[in-house]
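Text of the file query24.txt, holding compact mmCIF, C-alpha atoms:
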# COMPACT_ATOMS: atom_id res chain seq x y z
CA MET A 395 -5.11 67.44 69.23
CA LYS A 396 -5.83 70.59 71.20
CA LYS A 397 -6.73 68.37 74.13
CA ILE A 398 -3.32 66.67 74.04
CA ILE A 399 -1.55 70.01 73.98
CA ARG A 400 -3.68 71.24 76.86
CA VAL A 401 -2.87 68.11 78.90
CA GLU A 402 0.80 68.58 78.06
CA MET A 403 0.77 72.22 79.19
CA VAL A 404 -0.88 71.21 82.48
CA LEU A 405 1.77 68.50 83.03
CA ILE A 406 4.62 70.89 82.34
CA SER A 407 3.21 73.52 84.68
CA ILE A 408 2.71 70.93 87.44
CA VAL A 409 6.34 69.83 87.14
CA ILE A 410 7.65 73.41 87.11
CA SER A 411 5.47 74.51 90.01
CA MET A 412 6.58 71.48 92.05
CA TRP A 413 10.14 72.72 91.69
CA ILE A 414 9.36 76.35 92.38
CA PHE A 415 7.11 75.82 95.36
CA ILE A 416 8.98 73.06 97.19
CA PRO A 417 10.62 75.20 99.88
CA ALA A 418 14.39 74.85 99.96
CA VAL A 419 15.85 73.05 102.92
CA TYR A 420 17.30 75.66 105.22
CA GLY A 421 18.06 75.12 108.89
CA ALA A 422 19.29 71.62 108.13
CA SER A 423 22.30 71.85 110.42
CA ASP A 424 22.32 69.04 112.95
CA ALA A 425 23.19 71.70 115.53
CA PHE A 426 19.48 72.52 115.76
CA LYS A 427 18.37 68.85 115.86
CA GLU A 428 14.59 68.71 115.55
CA ASN A 429 14.04 72.14 117.12
CA ILE A 430 13.34 74.10 113.95
CA TYR A 431 9.70 75.04 113.48
CA LYS A 432 8.68 74.61 109.85
CA VAL A 433 6.91 77.73 108.67
CA GLY A 434 6.30 76.64 105.06
CA ALA A 435 6.49 79.01 102.12
CA LEU A 436 5.59 82.61 103.06
CA LYS A 437 4.75 85.73 101.08
CA PRO A 438 8.23 86.87 99.94
CA VAL A 439 7.90 90.47 101.20
CA ASP A 440 5.07 91.83 103.36
CA SER A 441 5.99 95.40 104.28
CA LYS A 442 6.89 98.74 102.73
CA LEU A 443 10.30 100.33 103.27
CA ASN A 444 10.37 103.67 105.12
CA VAL A 445 13.96 104.39 104.10
CA LYS A 446 16.01 104.37 100.91
CA VAL A 447 19.68 104.31 99.95
CA GLY A 448 21.13 107.78 100.57
CA ASP A 449 18.87 108.52 103.56
CA ARG A 450 20.20 108.99 107.06
CA ALA A 451 19.48 105.75 108.95
CA PRO A 452 16.95 106.25 111.77
CA ASP A 453 18.63 106.01 115.17
CA PHE A 454 17.58 103.40 117.70
CA THR A 455 18.58 101.89 121.03
CA LEU A 456 17.99 98.19 121.70
CA PRO A 457 19.00 95.72 124.41
CA SER A 458 21.47 93.01 123.43
CA VAL A 459 21.58 89.38 124.53
CA SER A 460 24.80 90.06 126.44
CA GLY A 461 23.09 92.72 128.56
CA GLU A 462 24.23 96.14 127.34
CA LYS A 463 22.13 98.57 125.33
CA VAL A 464 23.27 99.42 121.83
CA SER A 465 22.54 102.67 119.98
CA LEU A 466 23.22 103.10 116.30
CA SER A 467 24.43 106.67 116.88
CA GLN A 468 27.33 105.51 119.07
CA TYR A 469 29.04 104.15 115.94
CA ARG A 470 28.71 107.34 113.91
CA GLY A 471 32.13 108.49 112.75
CA LYS A 472 33.66 105.27 114.06
CA LYS A 473 32.41 102.18 112.21
CA ASN A 474 30.34 101.11 109.25
CA VAL A 475 27.31 99.20 110.50
CA VAL A 476 25.48 96.20 109.06
CA LEU A 477 22.00 95.45 110.41
CA SER A 478 20.79 91.92 109.74
CA PHE A 479 17.08 91.63 110.53
CA VAL A 480 15.85 88.04 110.51
CA PRO A 481 12.19 87.11 111.02
CA ALA A 482 12.24 84.85 114.05
CA ALA A 483 14.27 82.51 116.23
CA TRP A 484 13.91 78.75 115.68
CA THR A 485 12.76 79.08 112.08
CA PRO A 486 14.45 77.48 109.06
CA VAL A 487 16.28 80.12 107.03
CA CYS A 488 17.10 82.38 110.01
CA SER A 489 18.78 79.57 111.90
CA ASP A 490 21.40 79.18 109.24
CA GLN A 491 22.07 82.76 108.27
CA TRP A 492 24.03 84.17 111.22
CA PRO A 493 26.31 81.10 111.66
CA GLY A 494 27.64 81.97 108.20
CA TYR A 495 28.37 85.57 109.22
CA ASN A 496 30.03 84.16 112.31
CA ILE A 497 32.95 82.75 110.28
CA ILE A 498 33.64 85.93 108.30
CA LYS A 499 34.52 88.33 111.10
CA ASP A 500 37.68 89.15 109.11
CA VAL A 501 35.61 90.40 106.16
CA PHE A 502 33.73 92.81 108.44
CA LYS A 503 37.00 93.86 110.08
CA GLN A 504 38.71 94.52 106.74
CA ASN A 505 35.83 96.80 105.84
CA ASP A 506 35.83 98.53 109.23
CA ALA A 507 32.31 97.30 109.87
CA ILE A 508 30.36 95.96 112.82
CA LEU A 509 27.39 93.62 112.47
CA PHE A 510 24.21 93.61 114.53
CA GLY A 511 21.73 90.75 114.35
CA ILE A 512 18.16 91.84 115.15
CA THR A 513 14.90 89.95 115.60
CA VAL A 514 11.58 90.77 117.29
CA ASP A 515 12.07 87.90 119.78
CA ASN A 516 12.66 88.50 123.47
CA ILE A 517 16.08 88.15 125.10
CA PRO A 518 15.63 84.67 126.70
CA THR A 519 14.51 83.21 123.36
CA LEU A 520 17.43 84.84 121.55
CA PHE A 521 19.79 83.61 124.24
CA ALA A 522 18.70 79.97 123.85
CA TRP A 523 18.58 80.11 120.07
CA THR A 524 21.93 81.81 119.45
CA ASN A 525 23.62 79.41 121.92
CA GLN A 526 22.96 76.66 119.34
CA MET A 527 25.04 78.61 116.83
CA GLY A 528 28.24 78.51 118.85
CA LYS A 529 29.79 81.70 120.18
CA LEU A 530 28.75 84.63 118.00
CA TRP A 531 31.29 87.46 117.66
CA PHE A 532 28.63 90.09 116.91
CA PRO A 533 25.91 91.50 119.19
CA VAL A 534 22.36 90.20 118.85
CA LEU A 535 19.67 92.77 119.60
CA SER A 536 16.09 92.27 120.68
CA ASP A 537 13.41 94.41 119.02
CA PHE A 538 10.77 92.79 121.22
CA TRP A 539 9.31 95.75 123.10
CA PRO A 540 7.72 98.01 122.00
CA HIS A 541 7.15 95.16 119.62
CA GLY A 542 9.09 95.50 116.36
CA ALA A 543 9.49 99.28 116.83
CA VAL A 544 12.87 99.45 115.09
CA ALA A 545 11.76 97.13 112.27
CA LYS A 546 8.78 99.45 111.84
CA LYS A 547 11.03 102.53 111.70
CA PHE A 548 12.95 101.02 108.81
CA GLY A 549 9.74 99.68 107.24
CA VAL A 550 10.49 95.98 107.52
CA LEU A 551 7.83 94.87 110.01
CA ARG A 552 5.49 92.33 108.38
CA SER A 553 1.77 92.24 109.00
CA ASP A 554 2.09 89.19 111.29
CA GLY A 555 4.52 90.94 113.66
CA VAL A 556 7.82 89.41 112.53
CA SER A 557 10.39 91.33 110.56
CA GLU A 558 11.54 90.82 107.00
CA ARG A 559 14.82 89.12 106.23
CA ALA A 560 16.59 92.39 105.54
CA LEU A 561 20.13 93.73 105.38
CA PHE A 562 21.04 97.38 105.80
CA VAL A 563 24.56 98.73 105.35
CA ILE A 564 25.13 102.11 107.00
CA ASP A 565 28.37 104.03 106.52
CA LYS A 566 30.30 105.99 109.16
CA LYS A 567 28.35 109.13 108.37
CA GLY A 568 25.15 107.31 109.26
CA THR A 569 23.97 107.14 105.63
CA LEU A 570 22.23 104.07 104.25
CA ARG A 571 24.40 102.66 101.48
CA TYR A 572 22.79 99.26 100.76
CA ILE A 573 19.37 97.74 101.40
CA ASP A 574 18.31 94.17 100.66
CA VAL A 575 14.80 93.26 101.76
CA HIS A 576 15.20 89.68 100.74
CA ASP A 577 12.60 87.05 99.91
CA ILE A 578 11.84 85.79 103.44
CA ASN A 579 12.00 82.18 102.20
CA LYS A 580 15.59 82.42 101.00
CA ARG A 581 18.98 83.18 102.43
CA PRO A 582 20.69 86.23 100.92
CA PRO A 583 23.83 85.07 99.06
CA LEU A 584 26.92 86.07 100.99
CA GLU A 585 28.59 87.62 97.95
CA ASP A 586 25.94 90.37 97.74
CA LEU A 587 26.62 91.59 101.29
CA VAL A 588 30.41 91.29 100.91
CA GLY A 589 30.17 93.22 97.62
CA ALA A 590 28.20 95.99 99.36
CA LEU A 591 30.79 96.20 102.15
CA GLU A 592 33.66 96.41 99.69
CA LYS A 593 31.90 99.24 97.86
CA LEU A 594 32.06 101.37 101.02
CA LYS A 595 35.76 101.98 100.43
CA LYS A 596 35.13 103.49 97.02
CA MET B 573 0.33 62.84 64.65
CA LYS B 574 3.23 60.54 65.57
CA LYS B 575 5.63 63.42 65.06
CA ILE B 576 3.70 65.57 67.51
CA TYR B 577 3.76 62.82 70.14
CA LEU B 578 7.50 62.47 69.65
CA THR B 579 7.99 66.22 69.99
CA LEU B 580 5.92 66.23 73.17
CA ILE B 581 7.96 63.39 74.65
CA VAL B 582 11.18 65.26 73.84
CA ILE B 583 9.78 68.45 75.43
CA ASN B 584 8.82 66.45 78.52
CA ILE B 585 12.28 64.98 78.88
CA LEU B 586 13.89 68.38 78.36
CA VAL B 587 11.67 70.03 80.96
CA LEU B 588 12.33 67.23 83.43
CA THR B 589 16.11 67.43 82.99
CA LEU B 590 16.13 71.21 83.25
CA VAL B 591 13.83 71.34 86.21
CA PHE B 592 15.21 68.34 88.10
CA PRO B 593 18.99 68.15 87.68
CA ALA B 594 18.73 65.40 90.28
CA LEU B 595 15.56 63.69 91.42
CA PRO B 596 14.45 64.41 94.99
CA ALA B 597 14.51 61.44 97.38
CA ASN B 598 12.53 60.93 100.56
CA LYS B 599 15.30 59.43 102.68
CA PRO B 600 19.05 59.86 103.10
CA PRO B 601 21.43 57.53 101.23
CA ALA B 602 22.14 54.48 103.40
CA LYS B 603 24.59 51.59 103.63
CA GLY B 604 24.13 48.95 100.93
CA GLU B 605 22.52 51.37 98.46
CA THR B 606 24.02 53.15 95.47
CA LEU B 607 24.39 56.91 95.34
CA PRO B 608 21.53 59.02 94.01
CA VAL B 609 22.24 60.07 90.43
CA PHE B 610 23.75 63.54 90.21
CA ASN B 611 26.61 65.27 88.44
CA LEU B 612 29.34 67.52 89.75
CA PRO B 613 31.44 69.95 87.72
CA ILE B 614 35.02 68.82 87.00
CA PRO B 615 37.17 71.18 89.11
CA LYS B 616 39.00 73.95 87.25
CA SER B 617 42.13 73.68 89.40
CA SER B 618 44.67 71.22 88.01
CA ALA B 619 45.65 70.19 91.54
CA GLU B 620 42.06 69.17 92.32
CA LYS B 621 41.70 67.47 88.92
CA GLY B 622 44.87 65.53 89.64
CA TYR B 623 43.66 64.61 93.14
CA LEU B 624 40.43 63.16 91.74
CA GLY B 625 42.06 61.63 88.67
CA LEU B 626 39.83 63.59 86.30
CA SER B 627 40.65 65.56 83.18
CA GLY B 628 39.00 68.04 80.83
CA ASP B 629 35.90 70.10 81.53
CA GLY B 630 32.25 69.31 82.00
CA LEU B 631 30.59 67.09 84.53
CA PHE B 632 31.45 63.89 86.37
CA LYS B 633 29.79 61.37 88.65
CA ILE B 634 31.39 60.36 91.94
CA PRO B 635 32.11 56.74 90.84
CA GLN B 636 34.29 58.18 88.05
CA ILE B 637 36.85 59.36 90.60
CA LYS B 638 40.01 57.27 90.17
CA THR B 639 40.16 55.63 93.57
CA LYS B 640 38.77 52.76 95.63
CA VAL B 641 36.85 54.74 98.25
CA VAL B 642 35.32 58.22 98.28
CA ILE B 643 34.28 60.02 101.45
CA VAL B 644 31.52 62.51 100.66
CA GLU B 645 30.67 65.15 103.26
CA ILE B 646 27.41 67.01 102.77
CA TYR B 647 27.95 70.20 104.71
CA SER B 648 27.06 73.89 104.69
CA MET B 649 29.05 77.02 105.34
CA TYR B 650 26.10 78.04 107.53
CA CYS B 651 26.09 74.89 109.68
CA PRO B 652 27.69 75.31 113.12
CA TYR B 653 28.50 71.59 113.54
CA CYS B 654 30.18 71.47 110.11
CA GLN B 655 32.26 74.48 111.12
CA LYS B 656 33.20 72.84 114.41
CA ASP B 657 34.19 69.56 112.70
CA ALA B 658 36.12 71.21 109.85
CA PRO B 659 39.60 71.04 111.45
CA GLY B 660 39.05 67.37 112.35
CA ILE B 661 37.96 66.55 108.81
CA ASN B 662 41.12 68.23 107.46
CA GLU B 663 43.09 66.02 109.83
CA LEU B 664 41.46 62.96 108.26
CA TYR B 665 42.61 64.17 104.84
CA ASN B 666 46.17 64.61 106.11
CA LEU B 667 46.12 61.19 107.76
CA ILE B 668 45.13 59.58 104.46
CA GLU B 669 47.51 61.60 102.29
CA LYS B 670 50.58 60.90 104.37
CA ASN B 671 49.98 57.15 104.36
CA PRO B 672 51.24 55.59 101.10
CA ASP B 673 48.86 52.64 101.61
CA PHE B 674 45.79 54.88 101.52
CA LYS B 675 46.88 57.96 99.55
CA ASN B 676 45.55 56.81 96.19
CA LYS B 677 42.85 54.55 97.54
CA ILE B 678 40.76 57.04 99.53
CA LYS B 679 39.63 60.45 98.28
CA MET B 680 37.48 63.09 99.93
CA ILE B 681 35.01 65.64 98.59
CA GLY B 682 32.52 68.03 100.16
CA ILE B 683 29.19 69.25 98.81
CA GLY B 684 27.93 72.58 100.17
CA ALA B 685 24.15 72.19 100.51
CA GLY B 686 22.49 75.45 99.46
CA ASN B 687 25.87 77.18 99.18
CA THR B 688 26.91 79.39 96.27
CA SER B 689 30.40 79.13 94.74
CA PHE B 690 31.40 82.20 96.75
CA GLU B 691 30.16 80.62 99.97
CA VAL B 692 32.02 77.38 99.20
CA GLU B 693 35.21 79.37 98.57
CA THR B 694 34.69 81.32 101.82
CA TYR B 695 34.40 78.06 103.78
CA LYS B 696 37.43 76.59 101.99
CA LYS B 697 39.50 79.66 102.82
CA THR B 698 38.31 79.99 106.41
CA TYR B 699 39.09 76.38 107.32
CA GLN B 700 41.90 75.82 104.76
CA VAL B 701 40.02 72.79 103.43
CA PRO B 702 42.55 70.81 101.36
CA PHE B 703 40.10 68.62 99.38
CA PRO B 704 37.66 69.65 96.61
CA LEU B 705 34.37 71.29 97.62
CA PHE B 706 31.41 71.71 95.31
CA PRO B 707 28.49 74.15 95.52
CA ASP B 708 24.90 72.90 95.53
CA LYS B 709 23.34 76.33 95.24
CA ASP B 710 19.74 75.27 94.72
CA PHE B 711 19.79 72.29 97.11
CA ALA B 712 19.32 69.93 94.12
CA ILE B 713 21.89 67.38 95.34
CA HIS B 714 20.75 67.88 98.93
CA LYS B 715 17.19 67.03 97.87
CA ALA B 716 18.45 64.00 95.91
CA CYS B 717 20.08 62.91 99.17
CA GLY B 718 16.76 62.98 101.05
CA GLU B 719 17.37 66.43 102.56
CA VAL B 720 19.86 65.08 105.09
CA ARG B 721 20.77 67.22 108.06
CA THR B 722 24.37 68.35 108.05
CA PRO B 723 27.11 67.28 108.31
CA TYR B 724 26.27 63.96 106.64
CA PHE B 725 29.02 61.53 105.68
CA ILE B 726 28.70 58.98 102.89
CA VAL B 727 31.48 56.46 102.25
CA VAL B 728 31.35 55.02 98.73
CA LYS B 729 33.27 51.97 97.57
CA ILE B 730 34.08 51.94 93.87
CA ASN B 731 34.51 48.48 92.38
CA ASP B 732 36.94 47.57 89.58
CA ASP B 733 34.05 47.12 87.14
CA GLY B 734 32.89 50.71 87.73
CA THR B 735 29.93 49.81 89.92
CA HIS B 736 29.76 51.23 93.42
CA GLN B 737 27.98 50.94 96.72
CA ILE B 738 27.60 52.94 99.91
CA VAL B 739 29.47 51.08 102.65
CA HIS B 740 28.88 53.56 105.44
CA ALA B 741 26.70 56.62 106.09
CA GLN B 742 26.31 58.72 109.22
CA LEU B 743 24.74 61.95 110.40
CA GLY B 744 27.14 64.12 112.39
CA ASN B 745 28.81 62.47 115.39
CA TYR B 746 32.24 62.86 113.82
CA PRO B 747 34.47 60.85 116.15
CA GLY B 748 37.80 62.41 115.13
CA ALA B 749 40.19 61.56 112.30
CA GLU B 750 41.70 58.30 113.53
CA PRO B 751 38.51 56.56 114.71
CA PHE B 752 36.72 57.68 111.53
CA LEU B 753 39.52 56.31 109.34
CA GLU B 754 39.20 53.01 111.19
CA ILE B 755 35.45 52.95 110.44
CA ILE B 756 36.14 53.65 106.76
CA LEU B 757 38.85 51.01 106.44
CA LYS B 758 36.68 48.40 108.07
CA ALA B 759 33.53 49.25 106.12
CA SER B 760 35.29 49.38 102.76
CA GLY B 761 37.40 46.26 103.29
CA LEU B 762 40.64 48.19 102.74
CA LYS B 763 41.88 46.69 105.99
As a first step, turn the structure in this file into structure tokens.
Amino acid sequence: MKKIIRVEMVLISIVISMWIFIPAVYGASDAFKENIYKVGALKPVDSKLNVKVGDRAPDFTLPSVSGEKVSLSQYRGKKNVVLSFVPAAWTPVCSDQWPGYNIIKDVFKQNDAILFGITVDNIPTLFAWTNQMGKLWFPVLSDFWPHGAVAKKFGVLRSDGVSERALFVIDKKGTLRYIDVHDINKRPPLEDLVGALEKLKK
Amino acid sequence: MKKIYLTLIVINILVLTLVFPALPANKPPAKGETLPVFNLPIPKSSAEKGYLGLSGDGLFKIPQIKTKVVIVEIYSMYCPYCQKDAPGINELYNLIEKNPDFKNKIKMIGIGAGNTSFEVETYKKTYQVPFPLFPDKDFAIHKACGEVRTPYFIVVKINDDGTHQIVHAQLGNYPGAEPFLEIILKASGLK
């Protein structure tokens, strides 16, 4: 009898683990054809935050794909800022995160916010990759050299040199108001970010 | 002893239904096949209920839609090609709705692969999508459809006896409203 129960428990756990560990199918847009490199399931978070909600966001200057340099401090007193770190170009979840933000420019505008996409890839890679997404309305910044320096400042650089999938919302005073270091294998639900932006008004 | 076996079987079935709302498939649905088995929630809006010919609450299966042909688009709010095609797909809806010969014979639905309800609503609002869209938050339906790339179109013919078959399926390459309607009419025998 005990044996049957043991076999049953093993079967149930196999079935459940199959569901939990089959990675979800991100990056399935035909826009990327067969160019998405499958990374498999990764350790959900592999870094330790250096900042917390309420802190002043560390300043940085990074080059953007369109050529100009962007500093966080230039938006102080002018705009709320959202930083969207994604791990790497041409990988599954990242490839279908920013195209979603690309169709909600109005939501950012209503909340007087600007969005910056950041990865540790170099500019030519980011140029080719973001071209597949259509025309993005927000600047994409390269944290390539010194490698991942800005990700490191915020504490979202993983041990393999890519960044976490992380969202930071910074208000006009330069204060961090929302942080989501998300499971790298999953896309953060849009409602969480929109909710954080709407809270800025309160 | 028998009782225990029975209990174990029931537990197994329960676990399977909870864990796999729809069974994963290894290839996309193709012409000549039937749809993978999955349920969708009956829309809350009375306009959408009326459009699909459904009533009450709970779940439904696509062949229960009161029509002859259903066009299913598997899309994502995060998919650039789906975004680009969205106005053209709306045009297809308008083309069907304004033609009394097709209005009640062809219906359209969209399934947002990996999209939450909020994301589906965002897409609907952004592109003013006039037909019902359904979230597939955990990719369960997407997996049941062989993890198709998006957008993926499935045209389903519903027979009078309630059976159905896929008469056309295609990945992307949306040719525009009129040519696509022609493809649908030809494949489904409505013309």
**Message:** Set the cut-off to 7 Å and count only C-alpha atoms: what are the residues of chain B that reach chain A? Output as a ChimeraX atom specification.
**Reply:** /B:591,649-653,690-691,711,719,721-723,744
How would the residues just picked look written out with C-alpha atoms as a JSON list (two decimals), in the frame of the given file?
[["chain", "number", "residue", "atom", "x", "y", "z"],
["B", 591, "VAL", "CA", 13.83, 71.34, 86.21],
["B", 649, "MET", "CA", 29.05, 77.02, 105.34],
["B", 650, "TYR", "CA", 26.10, 78.04, 107.53],
["B", 651, "CYS", "CA", 26.09, 74.89, 109.68],
["B", 652, "PRO", "CA", 27.69, 75.31, 113.12],
["B", 653, "TYR", "CA", 28.50, 71.59, 113.54],
["B", 690, "PHE", "CA", 31.40, 82.20, 96.75],
["B", 691, "GLU", "CA", 30.16, 80.62, 99.97],
["B", 711, "PHE", "CA", 19.79, 72.29, 97.11],
["B", 719, "GLU", "CA", 17.37, 66.43, 102.56],
["B", 721, "ARG", "CA", 20.77, 67.22, 108.06],
["B", 722, "THR", "CA", 24.37, 68.35, 108.05],
["B", 723, "PRO", "CA", 27.11, 67.28, 108.31],
["B", 744, "GLY", "CA", 27.14, 64.12, 112.39]]
**Request:** Rank A:Ala522, A:Val514, A:Val445, A:Val439 by their smallest atom-to-atom distance to A:Arg571, using only C-alpha atoms, and report the top residue only.
**Result:**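 Among the listed residues, A:Val445 lies closest to A:Arg571.
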**Selection near B:Asn687, 7 Å with all atoms listed in the file, sequence-local residues under 5 positions removed, as JSON, numbers by chain** = {"B": [648, 649, 692, 707, 708, 709]}
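Taking atom CA of A:Ala545 and atom CA of A:Thr455 as the two end points, the separation is 12.1 Å.
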**Request:** Please identify all polymer residues lying at most 9 Å from the point (45.7, 51.3, 100.8) (file coordinates), using all atoms listed in the file, and present the result as a ChimeraX atom specification.
**Result:** /B:640,671-678,757,762-763
Edge lengths and centre in Å to one decimal, as AutoDock Vina command-line options, of the axis-aligned box that encloses all listed atoms of stretch 431-436 of chain A with 4 Å added on every side?
--center_x 7.6 --center_y 78.6 --center_z 107.8 --size_x 12.1 --size_y 16.0 --size_z 19.4
**Message:** So that I can see what lies close to A:Lys596, please list as a PyMOL selection string the residues with an atom at most 12 Å from it, counting only C-alpha atoms and leaving out residues fewer than 3 positions away in the same chain.
**Reply:** chain A and resi 505+565+571+589-593
**Message:** I'd like the contact shell of B:Gln700 - 12 Å cut-off, all atoms listed in the file, skipping same-chain residues fewer than 2 positions apart - returned as a ChimeraX atom specification.
**Reply:** /B:655,658-663,665,692-698,702-705
**Asked** Suppose you want the space between atom CA of A:Gly549 and atom CA of A:Leu561; what is it in Å?
**Response**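 Atom CA of A:Leu561 lies at a distance of 12.1 Å from atom CA of A:Gly549.
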**Item:** Distance criterion (all atoms listed in the file): nearest to B:Phe632 out of B:Leu667, B:Phe706, B:Pro601, B:Val727
**Value:** B:Phe706
**Request:** Show which residues sit within 9 Å of stretch 609-614 of chain B, as a PyMOL selection string. Count only C-alpha atoms, and ignore same-chain residues fewer than 3 positions away.
**Result:** chain B and resi 593-595+606+617+620-621+626-634+706-707+712-713+716
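Between atom CA of A:Leu443 and atom CA of A:Ser557 the interatomic distance comes to 11.6 Å.
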**Item:** Long-range neighbours of stretch 481-484 of chain A as a PyMOL selection string, 6 Å cut-off, all atoms listed in the file, 4 positions minimum in chain
**Value:** chain A and resi 430+513+556-559
**Request:** Take the point (32.4, 63.6, 99.6) in the file's coordinates, draw a sphere of radius 9 Å around it, and report as a list in words every protein, DNA or RNA residue with an atom inside or on it, counting only C-alpha atoms.
**Result:**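 Neighbouring residues, ordered by chain and number, come to Ile634, Val642, Ile643, Val644, Glu645, Ile646, Lys679, Met680, Ile681, Gly682, Ile683, Pro704, Leu705, Phe725, Ile726, Val727 and Val728 of chain B.
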Include C-alpha atoms and write out the residues we just selected as a short mmCIF file (atom, residue, chain, number, x, y, z; two decimals), in the coordinates of the input.
data_model
loop_
_atom_site.label_atom_id
_atom_site.label_comp_id
_atom_site.auth_asym_id
_atom_site.auth_seq_id
_atom_site.Cartn_x
_atom_site.Cartn_y
_atom_site.Cartn_z
CA ILE B 634 31.39 60.36 91.94
CA VAL B 642 35.32 58.22 98.28
CA ILE B 643 34.28 60.02 101.45
CA VAL B 644 31.52 62.51 100.66
CA GLU B 645 30.67 65.15 103.26
CA ILE B 646 27.41 67.01 102.77
CA LYS B 679 39.63 60.45 98.28
CA MET B 680 37.48 63.09 99.93
CA ILE B 681 35.01 65.64 98.59
CA GLY B 682 32.52 68.03 100.16
CA ILE B 683 29.19 69.25 98.81
CA PRO B 704 37.66 69.65 96.61
CA LEU B 705 34.37 71.29 97.62
CA PHE B 725 29.02 61.53 105.68
CA ILE B 726 28.70 58.98 102.89
CA VAL B 727 31.48 56.46 102.25
CA VAL B 728 31.35 55.02 98.73
#
**Complete:** From the list A:Asn444, A:Lys463, A:Phe502, A:Gly434, the nearest residue to A:Leu551 using only C-alpha atoms is A:Asn444
